[in-house]
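*Asks:* File follows, query06.pdb with PDB, C-alpha atoms (C1' of nucleotides):
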```
ATOM      1  CA  MET A  52       0.000   0.000   0.000
ATOM      2  CA  ILE A  53       1.375   3.334  -1.107
ATOM      3  CA  LYS A  54       0.987   6.412   1.055
ATOM      4  CA  HIS A  55       1.109   9.937  -0.227
ATOM      5  CA  SER A  56       4.301  11.862   0.474
ATOM      6  CA  ARG A  57       5.019  15.539  -0.100
ATOM      7  CA  GLN A  58       8.626  14.719  -1.012
ATOM      8  CA  ARG A  59       7.568  12.343  -3.777
ATOM      9  CA  GLU A  60       5.041  14.860  -5.053
ATOM     10  CA  CYS A  61       7.775  17.480  -5.235
ATOM     11  CA  ILE A  62      10.138  15.161  -7.127
ATOM     12  CA  LYS A  63       7.429  14.368  -9.651
ATOM     13  CA  LYS A  64       6.505  18.021 -10.096
ATOM     14  CA  PHE A  65      10.134  18.963 -10.573
ATOM     15  CA  LEU A  66      10.562  16.393 -13.338
ATOM     16  CA  ALA A  67       7.342  17.493 -15.024
ATOM     17  CA  ASN A  68       8.850  20.930 -15.562
ATOM     18  CA  ARG A  69      12.275  19.899 -16.790
ATOM     19  CA  TYR A  70      13.150  18.881 -20.319
ATOM     20  CA  ASP A  71      16.821  18.049 -19.875
ATOM     21  CA  HIS A  72      16.446  14.615 -18.254
ATOM     22  CA  PRO A  73      18.202  15.331 -14.957
ATOM     23  CA  THR A  74      20.155  12.831 -12.877
ATOM     24  CA  ALA A  75      19.175  11.764  -9.350
ATOM     25  CA  GLU A  76      21.827  14.154  -8.035
ATOM     26  CA  THR A  77      20.294  17.092  -9.907
ATOM     27  CA  VAL A  78      16.819  16.186  -8.680
ATOM     28  CA  TYR A  79      18.221  16.040  -5.152
ATOM     29  CA  LEU A  80      19.909  19.455  -5.356
ATOM     30  CA  ASN A  81      16.739  21.086  -6.650
ATOM     31  CA  VAL A  82      14.182  19.395  -4.449
ATOM     32  CA  ARG A  83      16.322  20.445  -1.504
ATOM     33  CA  LYS A  84      15.231  24.031  -2.092
ATOM     34  CA  GLU A  85      11.765  23.029  -0.923
ATOM     35  CA  PHE A  86      12.801  20.189   1.408
ATOM     36  CA  PRO A  87      16.190  21.161   2.827
ATOM     37  CA  ASN A  88      16.455  17.932   4.829
ATOM     38  CA  ILE A  89      15.497  15.474   2.111
ATOM     39  CA  SER A  90      18.096  12.760   1.741
ATOM     40  CA  LEU A  91      19.587  11.420  -1.454
ATOM     41  CA  GLY A  92      18.280   7.981  -0.548
ATOM     42  CA  THR A  93      14.739   9.315  -0.483
ATOM     43  CA  VAL A  94      15.244  10.754  -3.954
ATOM     44  CA  TYR A  95      16.554   7.454  -5.308
ATOM     45  CA  ARG A  96      13.790   5.460  -3.627
ATOM     46  CA  ASN A  97      11.074   7.683  -5.047
ATOM     47  CA  LEU A  98      12.612   7.825  -8.505
ATOM     48  CA  SER A  99      12.622   4.006  -8.512
ATOM     49  CA  LEU A 100       9.072   3.845  -7.244
ATOM     50  CA  LEU A 101       7.772   6.372  -9.770
ATOM     51  CA  THR A 102       9.573   4.476 -12.525
ATOM     52  CA  LYS A 103       8.017   1.199 -11.399
ATOM     53  CA  LEU A 104       4.581   2.860 -11.313
ATOM     54  CA  GLY A 105       5.177   4.136 -14.849
ATOM     55  CA  GLU A 106       4.789   7.777 -13.834
ATOM     56  CA  ILE A 107       8.279   8.704 -15.007
ATOM     57  CA  ARG A 108      10.879   7.070 -17.225
ATOM     58  CA  LYS A 109      14.445   6.078 -16.381
ATOM     59  CA  LEU A 110      17.076   6.553 -19.066
ATOM     60  CA  SER A 111      20.121   4.283 -18.792
ATOM     61  CA  THR A 112      22.197   5.615 -21.628
ATOM     62  CA  GLY A 113      25.468   3.926 -20.759
ATOM     63  CA  MET A 114      27.134   7.343 -20.634
ATOM     64  CA  GLY A 115      27.259   8.562 -17.044
ATOM     65  CA  PRO A 116      24.602   8.085 -14.387
ATOM     66  CA  ASP A 117      20.960   7.284 -15.040
ATOM     67  CA  ARG A 118      18.687  10.145 -16.018
ATOM     68  CA  PHE A 119      14.988  10.645 -15.487
ATOM     69  CA  ASP A 120      12.229  11.900 -17.729
ATOM     70  CA  GLY A 121       8.880  13.222 -16.527
ATOM     71  CA  ASN A 122       7.453  12.837 -19.997
ATOM     72  CA  ILE A 123       6.190   9.290 -20.424
ATOM     73  CA  SER A 124       4.672   9.765 -23.875
ATOM     74  CA  PRO A 125       6.437   7.549 -26.430
ATOM     75  CA  HIS A 126       9.471   9.330 -27.790
ATOM     76  CA  TYR A 127      13.192   8.792 -28.304
ATOM     77  CA  HIS A 128      16.389  10.454 -27.135
ATOM     78  CA  ILE A 129      19.602  11.658 -28.712
ATOM     79  CA  LEU A 130      22.873  11.975 -26.778
ATOM     80  CA  CYS A 131      25.349  14.558 -27.937
ATOM     81  CA  THR A 132      28.723  12.816 -27.898
ATOM     82  CA  LYS A 133      30.455  16.154 -27.388
ATOM     83  CA  CYS A 134      28.519  18.020 -24.693
ATOM     84  CA  GLY A 135      26.747  15.017 -23.199
ATOM     85  CA  ASN A 136      23.297  16.594 -23.332
ATOM     86  CA  VAL A 137      20.319  14.315 -23.742
ATOM     87  CA  MET A 138      17.568  15.701 -25.955
ATOM     88  CA  ASP A 139      14.086  14.628 -26.937
ATOM     89  CA  LEU A 140      13.543  13.341 -30.417
ATOM     90  CA  GLU A 141      10.230  13.385 -32.185
ATOM     91  CA  ILE A 142      10.266  10.472 -34.571
ATOM     92  CA  GLU A 143       7.592   8.399 -36.215
ATOM     93  CA  ASN A 144       6.830   5.039 -34.673
ATOM     94  CA  ILE A 145       9.509   2.405 -35.329
ATOM     95  CA  ASP A 146       7.922  -0.528 -33.544
ATOM     96  CA  HIS A 147       8.209  -2.506 -36.771
ATOM     97  CA  ILE A 148      11.778  -3.267 -35.669
ATOM     98  CA  ASN A 149      10.243  -5.440 -32.947
ATOM     99  CA  THR A 150       8.634  -7.580 -35.646
ATOM    100  CA  LEU A 151      11.928  -7.761 -37.498
ATOM    101  CA  ALA A 152      13.666  -8.808 -34.318
ATOM    102  CA  ASN A 153      11.024 -11.407 -33.528
ATOM    103  CA  SER A 154      11.511 -13.108 -36.880
ATOM    104  CA  GLY A 155      15.151 -13.723 -36.014
ATOM    105  CA  PHE A 156      14.607 -14.858 -32.427
ATOM    106  CA  ASP A 157      13.238 -18.023 -30.905
ATOM    107  CA  GLY A 158      11.233 -16.375 -28.129
ATOM    108  CA  GLU A 159       9.045 -13.341 -27.669
ATOM    109  CA  ILE A 160      10.120  -9.735 -28.221
ATOM    110  CA  GLU A 161       8.267  -7.322 -25.941
ATOM    111  CA  GLY A 162       9.912  -4.053 -26.892
ATOM    112  CA  HIS A 163      13.147  -2.176 -27.338
ATOM    113  CA  VAL A 164      15.129   0.745 -26.059
ATOM    114  CA  THR A 165      16.998   2.907 -28.545
ATOM    115  CA  TYR A 166      19.350   5.796 -27.926
ATOM    116  CA  PHE A 167      20.617   7.813 -30.851
ATOM    117  CA  PHE A 168      23.950   9.543 -30.641
ATOM    118  CA  GLY A 169      25.482  12.358 -32.625
ATOM    119  CA  LYS A 170      26.252  16.066 -32.409
ATOM    120  CA  CYS A 171      23.798  18.767 -31.417
ATOM    121  CA  ARG A 172      23.518  22.069 -33.316
ATOM    122  CA  ASP A 173      25.532  24.013 -30.727
ATOM    123  CA  CYS A 174      28.426  21.554 -30.788
ATOM    124  CA  LEU A 175      28.462  21.404 -34.601
ATOM    125  CA  GLU A 176      28.922  25.159 -34.765
ATOM    126  CA  LYS A 177      31.845  25.277 -32.357
TER     127      LYS A 177
ATOM    128  CA  MET B  60      52.546   3.047 -28.400
ATOM    129  CA  ILE B  61      50.838  -0.196 -27.508
ATOM    130  CA  LYS B  62      52.892  -3.127 -26.306
ATOM    131  CA  HIS B  63      51.863  -6.717 -26.599
ATOM    132  CA  SER B  64      50.689  -8.376 -23.411
ATOM    133  CA  ARG B  65      49.890 -12.010 -22.813
ATOM    134  CA  GLN B  66      47.126 -11.058 -20.413
ATOM    135  CA  ARG B  67      45.365  -8.944 -23.043
ATOM    136  CA  GLU B  68      45.770 -11.686 -25.628
ATOM    137  CA  CYS B  69      44.159 -14.122 -23.229
ATOM    138  CA  ILE B  70      41.221 -11.794 -22.510
ATOM    139  CA  LYS B  71      40.616 -11.336 -26.226
ATOM    140  CA  LYS B  72      40.853 -15.058 -26.943
ATOM    141  CA  PHE B  73      38.447 -15.796 -24.107
ATOM    142  CA  LEU B  74      35.857 -13.395 -25.490
ATOM    143  CA  ALA B  75      36.284 -14.776 -29.003
ATOM    144  CA  ASN B  76      35.085 -18.167 -27.771
ATOM    145  CA  ARG B  77      32.129 -17.017 -25.693
ATOM    146  CA  TYR B  78      28.709 -16.199 -27.005
ATOM    147  CA  ASP B  79      27.024 -15.135 -23.769
ATOM    148  CA  HIS B  80      28.484 -11.618 -23.458
ATOM    149  CA  PRO B  81      30.253 -12.028 -20.109
ATOM    150  CA  THR B  82      30.813  -9.296 -17.539
ATOM    151  CA  ALA B  83      34.257  -8.036 -16.486
ATOM    152  CA  GLU B  84      33.955 -10.194 -13.372
ATOM    153  CA  THR B  85      33.313 -13.330 -15.444
ATOM    154  CA  VAL B  86      36.234 -12.540 -17.732
ATOM    155  CA  TYR B  87      38.381 -12.072 -14.638
ATOM    156  CA  LEU B  88      37.376 -15.404 -13.066
ATOM    157  CA  ASN B  89      38.095 -17.304 -16.275
ATOM    158  CA  VAL B  90      41.309 -15.616 -17.324
ATOM    159  CA  ARG B  91      42.585 -16.345 -13.822
ATOM    160  CA  LYS B  92      42.776 -20.031 -14.762
ATOM    161  CA  GLU B  93      45.656 -19.134 -17.055
ATOM    162  CA  PHE B  94      46.964 -16.110 -15.135
ATOM    163  CA  PRO B  95      46.272 -16.778 -11.459
ATOM    164  CA  ASN B  96      47.716 -13.411 -10.409
ATOM    165  CA  ILE B  97      45.924 -11.194 -12.902
ATOM    166  CA  SER B  98      44.099  -8.377 -11.163
ATOM    167  CA  LEU B  99      40.594  -7.161 -11.814
ATOM    168  CA  GLY B 100      41.997  -3.730 -12.676
ATOM    169  CA  THR B 101      44.046  -5.255 -15.476
ATOM    170  CA  VAL B 102      40.917  -6.901 -16.855
ATOM    171  CA  TYR B 103      38.988  -3.615 -16.772
ATOM    172  CA  ARG B 104      41.890  -1.683 -18.319
ATOM    173  CA  ASN B 105      42.246  -4.145 -21.177
ATOM    174  CA  LEU B 106      38.523  -4.423 -21.800
ATOM    175  CA  SER B 107      38.435  -0.616 -22.111
ATOM    176  CA  LEU B 108      41.470  -0.570 -24.384
ATOM    177  CA  LEU B 109      40.137  -3.325 -26.640
ATOM    178  CA  THR B 110      36.803  -1.509 -26.811
ATOM    179  CA  LYS B 111      38.541   1.743 -27.769
ATOM    180  CA  LEU B 112      40.538  -0.090 -30.443
ATOM    181  CA  GLY B 113      37.297  -1.552 -31.785
ATOM    182  CA  GLU B 114      38.428  -5.147 -31.244
ATOM    183  CA  ILE B 115      35.558  -5.954 -28.915
ATOM    184  CA  ARG B 116      32.213  -4.325 -28.099
ATOM    185  CA  LYS B 117      30.922  -3.100 -24.763
ATOM    186  CA  LEU B 118      27.229  -3.601 -23.997
ATOM    187  CA  SER B 119      25.687  -1.192 -21.503
ATOM    188  CA  THR B 120      22.235  -2.618 -21.226
ATOM    189  CA  GLY B 121      21.076  -0.728 -18.164
ATOM    190  CA  MET B 122      20.334  -4.050 -16.452
ATOM    191  CA  GLY B 123      23.296  -5.004 -14.280
ATOM    192  CA  PRO B 124      26.960  -4.427 -15.055
ATOM    193  CA  ASP B 125      28.433  -3.868 -18.494
ATOM    194  CA  ARG B 126      28.948  -6.897 -20.708
ATOM    195  CA  PHE B 127      31.467  -7.554 -23.454
ATOM    196  CA  ASP B 128      31.180  -9.098 -26.894
ATOM    197  CA  GLY B 129      34.082 -10.536 -28.878
ATOM    198  CA  ASN B 130      31.971 -10.438 -32.027
ATOM    199  CA  ILE B 131      32.233  -6.981 -33.596
ATOM    200  CA  SER B 132      30.227  -7.755 -36.720
ATOM    201  CA  PRO B 133      27.067  -5.610 -36.836
ATOM    202  CA  HIS B 134      24.297  -7.330 -34.931
ATOM    203  CA  TYR B 135      21.786  -6.642 -32.169
ATOM    204  CA  HIS B 136      21.029  -8.076 -28.745
ATOM    205  CA  ILE B 137      17.982  -9.229 -26.858
ATOM    206  CA  LEU B 138      17.769  -9.292 -23.062
ATOM    207  CA  CYS B 139      15.498 -11.835 -21.462
ATOM    208  CA  THR B 140      13.591  -9.959 -18.778
ATOM    209  CA  LYS B 141      13.129 -13.195 -16.809
ATOM    210  CA  CYS B 142      16.531 -14.928 -16.749
ATOM    211  CA  GLY B 143      18.669 -11.901 -17.627
ATOM    212  CA  ASN B 144      20.540 -13.637 -20.437
ATOM    213  CA  VAL B 145      21.774 -11.509 -23.317
ATOM    214  CA  MET B 146      21.539 -13.174 -26.704
ATOM    215  CA  ASP B 147      22.627 -12.312 -30.227
ATOM    216  CA  LEU B 148      20.004 -11.299 -32.715
ATOM    217  CA  GLU B 149      20.384 -11.625 -36.447
ATOM    218  CA  ILE B 150      18.302  -8.869 -37.941
ATOM    219  CA  GLU B 151      18.382  -7.028 -41.215
ATOM    220  CA  ASN B 152      19.965  -3.610 -41.249
ATOM    221  CA  ILE B 153      17.819  -0.922 -39.590
ATOM    222  CA  ASP B 154      20.073   2.071 -40.118
ATOM    223  CA  HIS B 155      17.168   3.822 -41.808
ATOM    224  CA  ILE B 156      16.044   4.794 -38.316
ATOM    225  CA  ASN B 157      19.072   7.102 -38.220
ATOM    226  CA  THR B 158      17.647   8.962 -41.205
ATOM    227  CA  LEU B 159      14.263   9.141 -39.518
ATOM    228  CA  ALA B 160      15.879  10.493 -36.383
ATOM    229  CA  ASN B 161      17.908  13.035 -38.336
ATOM    230  CA  SER B 162      14.789  14.496 -39.904
ATOM    231  CA  GLY B 163      13.417  15.325 -36.463
ATOM    232  CA  PHE B 164      16.653  16.686 -34.994
ATOM    233  CA  ASP B 165      18.544  19.910 -35.512
ATOM    234  CA  GLY B 166      22.033  18.416 -35.536
ATOM    235  CA  GLU B 167      23.763  15.340 -36.863
ATOM    236  CA  ILE B 168      22.876  11.751 -36.007
ATOM    237  CA  GLU B 169      25.878   9.438 -36.099
ATOM    238  CA  GLY B 170      24.314   6.183 -35.017
ATOM    239  CA  HIS B 171      22.203   4.392 -32.468
ATOM    240  CA  VAL B 172      22.283   1.644 -29.905
ATOM    241  CA  THR B 173      19.254  -0.606 -29.566
ATOM    242  CA  TYR B 174      18.552  -3.349 -27.079
ATOM    243  CA  PHE B 175      15.494  -5.523 -27.488
ATOM    244  CA  PHE B 176      13.874  -7.106 -24.505
ATOM    245  CA  GLY B 177      11.466  -9.986 -24.119
ATOM    246  CA  LYS B 178      11.376 -13.638 -23.080
ATOM    247  CA  CYS B 179      13.641 -16.359 -24.373
ATOM    248  CA  ARG B 180      12.336 -19.802 -25.390
ATOM    249  CA  ASP B 181      13.435 -21.463 -22.143
ATOM    250  CA  CYS B 182      11.680 -18.902 -19.970
ATOM    251  CA  LEU B 183       8.506 -18.997 -22.066
ATOM    252  CA  GLU B 184       8.238 -22.757 -21.470
ATOM    253  CA  LYS B 185       8.635 -22.584 -17.709
TER     254      LYS B 185
ATOM    255  C1'  DT C 156      73.171  -8.821 -25.721
ATOM    256  C1'  DT C 157      72.782  -5.375 -22.994
ATOM    257  C1'  DC C 158      70.563  -1.203 -21.898
ATOM    258  C1'  DA C 159      67.076   2.438 -21.672
ATOM    259  C1'  DT C 160      62.449   3.595 -21.975
ATOM    260  C1'  DA C 161      57.903   3.329 -21.440
ATOM    261  C1'  DA C 162      53.913   0.298 -21.386
ATOM    262  C1'  DA C 163      51.664  -3.094 -18.656
ATOM    263  C1'  DC C 164      51.307  -5.288 -14.491
ATOM    264  C1'  DA C 165      49.533  -6.714  -9.469
ATOM    265  C1'  DA C 166      47.977  -4.944  -5.482
ATOM    266  C1'  DT C 167      45.343  -1.866  -3.435
ATOM    267  C1'  DA C 168      43.027   2.502  -2.452
ATOM    268  C1'  DA C 169      39.636   5.624  -4.011
ATOM    269  C1'  DT C 170      35.550   7.075  -6.394
ATOM    270  C1'  DG C 171      30.806   7.417  -8.066
ATOM    271  C1'  DA C 172      26.322   5.604  -8.233
ATOM    272  C1'  DT C 173      23.050   3.260  -5.919
ATOM    273  C1'  DT C 174      20.889   0.385  -2.296
ATOM    274  C1'  DA C 175      20.168  -1.111   2.536
ATOM    275  C1'  DC C 176      19.467  -0.310   7.439
ATOM    276  C1'  DT C 177      17.401   1.886  11.504
ATOM    277  C1'  DA C 178      15.234   4.819  14.527
ATOM    278  C1'  DT C 179      11.899   8.591  13.954
ATOM    279  C1'  DT C 180       8.063  11.049  11.618
ATOM    280  C1'  DA C 181       3.990  11.439   8.656
ATOM    281  C1'  DT C 182      -0.047   9.491   6.626
ATOM    282  C1'  DT C 183      -3.916   6.652   6.637
ATOM    283  C1'  DT C 184      -7.180   3.500   9.048
ATOM    284  C1'  DT C 185      -9.913   2.241  12.898
TER     285       DT C 185
ATOM    286  C1'  DA D  27      -7.671  10.380  18.927
ATOM    287  C1'  DA D  28      -5.130   6.130  18.972
ATOM    288  C1'  DA D  29      -3.164   2.396  16.461
ATOM    289  C1'  DA D  30      -0.985   0.688  12.434
ATOM    290  C1'  DT D  31       2.332   1.122   9.004
ATOM    291  C1'  DA D  32       4.505   3.478   5.047
ATOM    292  C1'  DA D  33       7.906   6.996   4.276
ATOM    293  C1'  DT D  34      11.495   9.686   5.984
ATOM    294  C1'  DA D  35      16.404  11.456   7.338
ATOM    295  C1'  DG D  36      20.675  10.087   8.325
ATOM    296  C1'  DT D  37      24.018   7.024   7.621
ATOM    297  C1'  DA D  38      26.422   2.775   6.478
ATOM    298  C1'  DA D  39      27.188  -0.583   3.057
ATOM    299  C1'  DT D  40      27.526  -2.390  -1.550
ATOM    300  C1'  DC D  41      28.588  -2.700  -6.364
ATOM    301  C1'  DA D  42      30.983  -1.458 -10.497
ATOM    302  C1'  DT D  43      34.640   0.890 -12.054
ATOM    303  C1'  DT D  44      38.773   3.911 -12.148
ATOM    304  C1'  DA D  45      43.089   5.730 -10.162
ATOM    305  C1'  DT D  46      47.561   5.248  -7.824
ATOM    306  C1'  DT D  47      51.955   3.221  -7.020
ATOM    307  C1'  DG D  48      55.915   0.552  -7.058
ATOM    308  C1'  DT D  49      57.535  -3.457  -9.840
ATOM    309  C1'  DT D  50      57.878  -6.213 -14.031
ATOM    310  C1'  DT D  51      58.032  -6.890 -18.957
ATOM    311  C1'  DA D  52      58.129  -5.842 -23.882
ATOM    312  C1'  DT D  53      60.455  -3.342 -27.409
ATOM    313  C1'  DG D  54      63.773  -0.797 -29.902
ATOM    314  C1'  DA D  55      68.383   1.271 -29.892
ATOM    315  C1'  DA D  56      73.272   1.056 -28.769
TER     316       DA D  56
END
```
Step by step, read the file and then write its structure as structure tokens.
*Replies:*
Amino acid sequence: MIKHSRQRECIKKFLANRYDHPTAETVYLNVRKEFPNISLGTVYRNLSLLTKLGEIRKLSTGMGPDRFDGNISPHYHILCTKCGNVMDLEIENIDHINTLANSGFDGEIEGHVTYFFGKCRDCLEK
Amino acid sequence: MIKHSRQRECIKKFLANRYDHPTAETVYLNVRKEFPNISLGTVYRNLSLLTKLGEIRKLSTGMGPDRFDGNISPHYHILCTKCGNVMDLEIENIDHINTLANSGFDGEIEGHVTYFFGKCRDCLEK
DNA sequence: TTCATAAACAATAATGATTACTATTATTTT
DNA sequence: AAAATAATAGTAATCATTATTGTTTATGAA
């Protein structure tokens, strides 16, 4: 049974207003403005819980620590290999790759995670 | 300038004969049969070097520690969400998704990493 | 073949990210 | 309002990985 908590509410609200996919550390530093005594463990626990509930998304990009996204609508991400920023990517549905994968696999494909990488506009111009 | 090392050779040879994408720890435990005094740091250093040289591939799946693949030919991977195994996936080229991504991004897409997830045959039957 | 140099090593300490533990506090139920 | 219990803050512990250091080994020149 899940009880309401003001800390969790604050974490969720913070993520809903950010579009840069912050890390747990960043969430912690910001939520501390409203809850000066919140502990990093509380942030991690709630980020995990919210992820499990499907209210936020966890991004494990393989470059640096995990990041979190308050936007759970289906979309993709691009990682700039120069500045490290993680940006949203509007792209048409590519779930057909699941079907492709299923035809070459003795089992059942349920989905995929894809991260694009490249250079963002700012880094290209420098 | 890179010098030959028997330890690195052994790590590479071990990976070339494994198809289950072992972790650094697993590589360490096995290479120790031939080099009882090899240290885990040496394994990590050489796995990083070989990855940088493009002689092996590192898989950061987001589930557990990084894994390594001695097969550098282009192919994909599927993670069984029940048993955790990581298997190879023969699938036709899907680099067209890079083009799709590029059309929705102000910058330059260089590539992508994709991990499929689902259930393997063994887990489906249990 | 010896010698100098620098890469690679083993051993170990340190770091970064995350999870676990525990006594206290907040939320919900009775 | 009291009892029950989930969530918290504070902290310790764990896991994966990287850094440090003094020694060994590979390589190329003398």
*Asks:* Please determine, counting only C-alpha atoms, which residue among A:Leu110, A:Cys134, A:Asp120, A:Ile62 has the shortest atom-to-atom distance to chain B.
*Replies:*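 The answer is A:Leu110, which sits nearest to chain B.
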*Asks:* Starting from chain A, keep only residues with some atom at most 7 Å from an atom of chain B, counting all atoms listed in the file, and report them as a list in words.
*Replies:*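 Going by the stated atoms only, the list reads Ser111, Gly113, Leu140, Glu141, Ile142, Leu151, Ala152, Gly155, Phe156, Asp157, Gly158, Glu159, Ile160, Glu161, Gly162, His163, Val164, Thr165, Tyr166, Phe167, Phe168, Gly169, Lys170, Cys171 and Arg172 of chain A.
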*Asks:* Please identify all polymer residues lying at most 9 Å from the point (20.4, -0.3, 9.9) (file coordinates), using all atoms listed in the file, and present the result as a list in words.
*Replies:*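 Counting all atoms listed in the file, I find these residues within 9 Å of (20.4, -0.3, 9.9): DA175, DC176, DT177 and DA178 of chain C; DT37 and DA38 of chain D.
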*Asks:* Stretch 142-159 of chain A, all listed atoms, 6 Å padding on each side: what axis-aligned box centre and edge lengths in Å to one decimal come out, as AutoDock Vina command-line options?
*Replies:*
```
--center_x 11.0 --center_y -3.8 --center_z -32.6 --size_x 20.3 --size_y 40.5 --size_z 21.8
```
*Asks:* Find the residue from A:Pro116, A:Gly135, A:Gly105, A:Pro73 that sits nearest to chain C; use only C-alpha atoms (C1' of nucleotides) when measuring.
*Replies:*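 The answer is A:Pro116, which sits nearest to chain C.
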*Asks:* Quick one: everything within 12 Å of stretch 90-97 of chain B, counting all atoms listed in the file, minus sequence neighbours fewer than 2 positions away in the same chain. Send it as a PyMOL selection string.
*Replies:* (chain B and resi 64-74+81+83-88+99-105) or (chain C and resi 163-166)
*Asks:* Carefully work through the PyMOL selection byres ((chain D) within 10 of (chain B)) for this structure and note down the residues it includes, as a VMD selection string.
*Replies:* chain D and resid 41 to 45 51 to 53
*Asks:* Show me that you can extract stretch 127-144 of chain B, keeping C-alpha atoms, and write it as a PDB file, in the first residue's frame.
*Replies:*
```pdb
ATOM      1  CA  PHE B 127      31.467  -7.554 -23.454  1.00  0.00           C
ATOM      2  CA  ASP B 128      31.180  -9.098 -26.894  1.00  0.00           C
ATOM      3  CA  GLY B 129      34.082 -10.536 -28.878  1.00  0.00           C
ATOM      4  CA  ASN B 130      31.971 -10.438 -32.027  1.00  0.00           C
ATOM      5  CA  ILE B 131      32.233  -6.981 -33.596  1.00  0.00           C
ATOM      6  CA  SER B 132      30.227  -7.755 -36.720  1.00  0.00           C
ATOM      7  CA  PRO B 133      27.067  -5.610 -36.836  1.00  0.00           C
ATOM      8  CA  HIS B 134      24.297  -7.330 -34.931  1.00  0.00           C
ATOM      9  CA  TYR B 135      21.786  -6.642 -32.169  1.00  0.00           C
ATOM     10  CA  HIS B 136      21.029  -8.076 -28.745  1.00  0.00           C
ATOM     11  CA  ILE B 137      17.982  -9.229 -26.858  1.00  0.00           C
ATOM     12  CA  LEU B 138      17.769  -9.292 -23.062  1.00  0.00           C
ATOM     13  CA  CYS B 139      15.498 -11.835 -21.462  1.00  0.00           C
ATOM     14  CA  THR B 140      13.591  -9.959 -18.778  1.00  0.00           C
ATOM     15  CA  LYS B 141      13.129 -13.195 -16.809  1.00  0.00           C
ATOM     16  CA  CYS B 142      16.531 -14.928 -16.749  1.00  0.00           C
ATOM     17  CA  GLY B 143      18.669 -11.901 -17.627  1.00  0.00           C
ATOM     18  CA  ASN B 144      20.540 -13.637 -20.437  1.00  0.00           C
TER      19      ASN B 144
END
```
